[in-house]
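The structure appears right after this line, and notes come after that.
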Amino acid sequence: MIEALQYGFMRNALAAGILVSIATGIIGTYIVTNRIVFLSGGIAHAAYGGIGLGYLLGINPTFGAIAFALASAMGMGLVHRRTKERSDTIIGIMWAIGMALGIIFLDLSPGYKADLMSYLFGSILAVPTSDLFIMLVLNAIIVTLVFLFYRPLQAISFDETFATVVSVPVDQLYLMLIGMVALTVVMTMRIVGLIMVIALLTIPPAIAGLYVRDMKRMMLVSVLLSIAFTIIGLALSYTLNLTSGATIILVAGFSYFLSYALKSLTRK
Amino acid sequence: MTVEDLAAQPVIEISDVSASYNGYPVLEDINLTVYDTDFIGLIGPNGGGKTTLLKVILGLLKPTRGSVRIMGKTVEDGRCSVGYVPQVVEMDREFPIRVWEVVQMGLLGCRKPFQRISKTEREIIRHALTQVDMLELEQRAIGELSVGQRQRVYIARALATSPSILLLDEPTASVDPQIATSIYDMLARLNETVTIIMVSHDMNAVSAYVKTIGCLNTTLHYHGTKEITEEMAQAMYECPVDLIAHGLPHRVLSPHTHTHTHDHIGDHHHD
């Protein structure tokens, strides 16, 4: 594993893993505590429409994905806010439409789509340095916003009604949060693919939530767990010659059930 | 003598308010003027609109008709003077938040964003927690507390908004009697300066601590007095079983309704 670091792609993979883990640990904590796991999965899949559009227009599919993820996030966020009943149905529909649009756009775009699979299943070993720069910028945005709005974000997550009563701008903050989810989803897609994004977003905070009852600590523990899963998964996939994204998710998933069992045992 | 005679200032004015959920009317033609340092107990059957009335006052539900003014201002501007204590059941126990942070929520909004917690704000939180006797548990996670303790944290959060008016929704539901008494004693103390509207099922407590009683069953029966008139008793006839079972204490009933209700009351308290 250590000698693998002499390769540039391996160093980029590690850097990408760490950068993405910072975002997933922080935003994943909000996703889990706000119970918007399904909505986040919807954003990830709807983003596929943007990837298709990127190919069709001949622009970087990542930018297409960012645009589609943000647009679908706002749409789903508004649906989630406005219609309390069965918003999951509407989110499910938007999820499928986004995916279908992506497939049609790809049908319409000419030529060979070389790295299409990497968006679906991730390709941490093929992260160009330019994408690292995008990740760095997105991370900076997320960390800054969470730092500035930590208290109101915690307030709307915990008790939206009370936050409204003390005139916190709940709607705006909620859409900002969903927007950050969209950005994180696009980043994470690079590592484990859009199909498995939701696992990396939810497993580390779910484990952290078993052991800590403080939001900041939950974020910190999630970031560290996410980094650990990425590095261990990467090492395993390198030595065993397995798909990196899936290996990372299996490491994370296995750790979750192990932690859960451990927690159940110690509680008695 | 009614409260109006005291020439106190109106703090909440509700005029001709009707409200509905999904087209189903919950409140009709509500008129209520609340004066400074009133302590109103709102009773009524489940589904009678008690919580809905609080939501309308707080601007959480738009009335279909009529208007609400708080301290002479619109609901959106005026509700910064209102401290709200919701029903304790509506809460996610898994949520990672500490007691101190919950009370800190009372200091959000109604003031500029990005403000650091100043020394005075820390004092406000400390004072609010002391008033409900929860300062020792300030670093506890909210999920680790008992129902009664959580209830007191919610009251502390409302107090942290430095309210002129307190709205409480069933503040003693699922709290043991000893804690309930301490909560009521505290409210009575606060009432020296703060106006209080309290929704409750607990008839005994309502009669012992509040200054006036209103009965809400889609329409409001309120006369600025502590007596339950015949029409209020009529409206309350549909009140939940536990209210009837606990019995209506003698002194809140006006003499002639008394004879009507006496025979039906099992668990009767003469205090």
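Here, A, B, ... name the chains of the structure tokens in the order displayed, residue numbers run from 1 inside each chain, and ligands are numbered from 1 in the same displayed order.
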
8 Å contact set for A:Val185, only C-alpha atoms, chain neighbours under 2 positions out, as JSON, numbers by chain: {"A": [40, 43, 44, 69, 181, 182, 183, 187, 188, 189, 194, 197]}

For the interface of chain B with chain A (cut-off 8 Å, counting only C-alpha atoms), please tabulate each contacting residue of chain B alongside its nearest pair of atoms and their separation in Å to one decimal, rows sorted by chain and increasing number, as JSON lines.
```
{"residue": "B:Leu58", "atom": "CA", "partner": "A:Val165", "partner_atom": "CA", "distance": 6.3}
{"residue": "B:Gly59", "atom": "CA", "partner": "A:Val165", "partner_atom": "CA", "distance": 7.6}
{"residue": "B:Leu60", "atom": "CA", "partner": "A:Val165", "partner_atom": "CA", "distance": 7.6}
{"residue": "B:Glu76", "atom": "CA", "partner": "A:Ser167", "partner_atom": "CA", "distance": 7.5}
{"residue": "B:Arg79", "atom": "CA", "partner": "A:Val165", "partner_atom": "CA", "distance": 6.7}
{"residue": "B:Cys80", "atom": "CA", "partner": "A:Val166", "partner_atom": "CA", "distance": 5.9}
{"residue": "B:Tyr84", "atom": "CA", "partner": "A:Phe162", "partner_atom": "CA", "distance": 7.3}
{"residue": "B:Met91", "atom": "CA", "partner": "A:Asp159", "partner_atom": "CA", "distance": 7.7}
{"residue": "B:Asp92", "atom": "CA", "partner": "A:Phe158", "partner_atom": "CA", "distance": 7.5}
{"residue": "B:Phe95", "atom": "CA", "partner": "A:Thr33", "partner_atom": "CA", "distance": 6.2}
{"residue": "B:Pro96", "atom": "CA", "partner": "A:Arg213", "partner_atom": "CA", "distance": 4.5}
{"residue": "B:Ile97", "atom": "CA", "partner": "A:Asp214", "partner_atom": "CA", "distance": 5.5}
{"residue": "B:Arg98", "atom": "CA", "partner": "A:Asp214", "partner_atom": "CA", "distance": 6.8}
{"residue": "B:Val102", "atom": "CA", "partner": "A:Ala155", "partner_atom": "CA", "distance": 7.9}
{"residue": "B:Met105", "atom": "CA", "partner": "A:Ala155", "partner_atom": "CA", "distance": 6.2}
{"residue": "B:Gly106", "atom": "CA", "partner": "A:Val166", "partner_atom": "CA", "distance": 7.1}
{"residue": "B:Leu108", "atom": "CA", "partner": "A:Val166", "partner_atom": "CA", "distance": 6.6}
{"residue": "B:Gly109", "atom": "CA", "partner": "A:Val168", "partner_atom": "CA", "distance": 4.5}
{"residue": "B:Cys110", "atom": "CA", "partner": "A:Ser167", "partner_atom": "CA", "distance": 5.8}
{"residue": "B:Phe114", "atom": "CA", "partner": "A:Leu148", "partner_atom": "CA", "distance": 6.5}
{"residue": "B:Ala141", "atom": "CA", "partner": "A:Arg213", "partner_atom": "CA", "distance": 5.9}
```

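The space between atom CA of B:Ala160 and atom CA of B:Leu42 spans 23.7 Å.
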
Picked from stretch 27-223 of chain A by DSSP as helix (DSSP H, G or I), as an MDAnalysis selection string: chainID A and resid 27:34 37:57 61:82 87:108 116:121 124:126 129:148 150:158 160:165 170:192 197:211 215:223

Test item: residues at most 6 Å from stretch 92-105 of chain A, only C-alpha atoms, excluding those fewer than 5 positions along its chain, as JSON, numbers by chain: {"A": [42, 45, 46, 48, 49, 52, 53]}

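Coordinates place atom CA of B:Thr193 at a distance of 24.0 Å from atom CA of B:Asn31.
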
Non-local contacts of B:Leu216 (10 Å; only C-alpha atoms; under 5 positions in same chain excluded) as JSON, numbers by chain: {"B": [27, 30, 42, 43, 44, 45, 46, 47, 48, 49, 50, 53, 199, 221, 222, 232, 235, 236]}

12 Å contact set for A:Val223, only C-alpha atoms, chain neighbours under 5 positions out, as a PyMOL selection string: chain A and resi 17-29+200-208+216-218+228-230

Could you write those residues out with C-alpha atoms, as a tab-separated table (two decimals), in the first residue's frame?
```tsv
chain	number	residue	atom	x	y	z
A	17	GLY	CA	-10.95	10.60	0.08
A	18	ILE	CA	-9.96	13.00	2.84
A	19	LEU	CA	-11.58	16.04	1.20
A	20	VAL	CA	-14.84	14.22	0.55
A	21	SER	CA	-14.86	12.80	4.08
A	22	ILE	CA	-14.84	16.30	5.56
A	23	ALA	CA	-18.02	17.18	3.65
A	24	THR	CA	-19.79	13.85	4.17
A	25	GLY	CA	-19.06	13.81	7.90
A	26	ILE	CA	-20.51	17.29	8.44
A	27	ILE	CA	-23.43	17.18	6.01
A	28	GLY	CA	-24.14	13.50	6.71
A	29	THR	CA	-24.74	14.43	10.35
A	200	LEU	CA	-21.06	7.12	2.71
A	201	LEU	CA	-23.30	10.01	3.77
A	202	THR	CA	-25.26	8.06	6.38
A	203	ILE	CA	-23.08	5.24	7.75
A	204	PRO	CA	-20.40	7.34	9.50
A	205	PRO	CA	-22.95	9.63	11.30
A	206	ALA	CA	-25.10	6.61	12.11
A	207	ILE	CA	-22.13	4.98	13.88
A	208	ALA	CA	-21.15	8.26	15.55
A	216	LYS	CA	-20.14	18.87	16.85
A	217	ARG	CA	-18.59	15.65	18.13
A	218	MET	CA	-20.89	13.64	15.90
A	228	ALA	CA	-10.78	5.60	7.88
A	229	PHE	CA	-13.33	3.75	5.73
A	230	THR	CA	-12.03	5.38	2.56
```
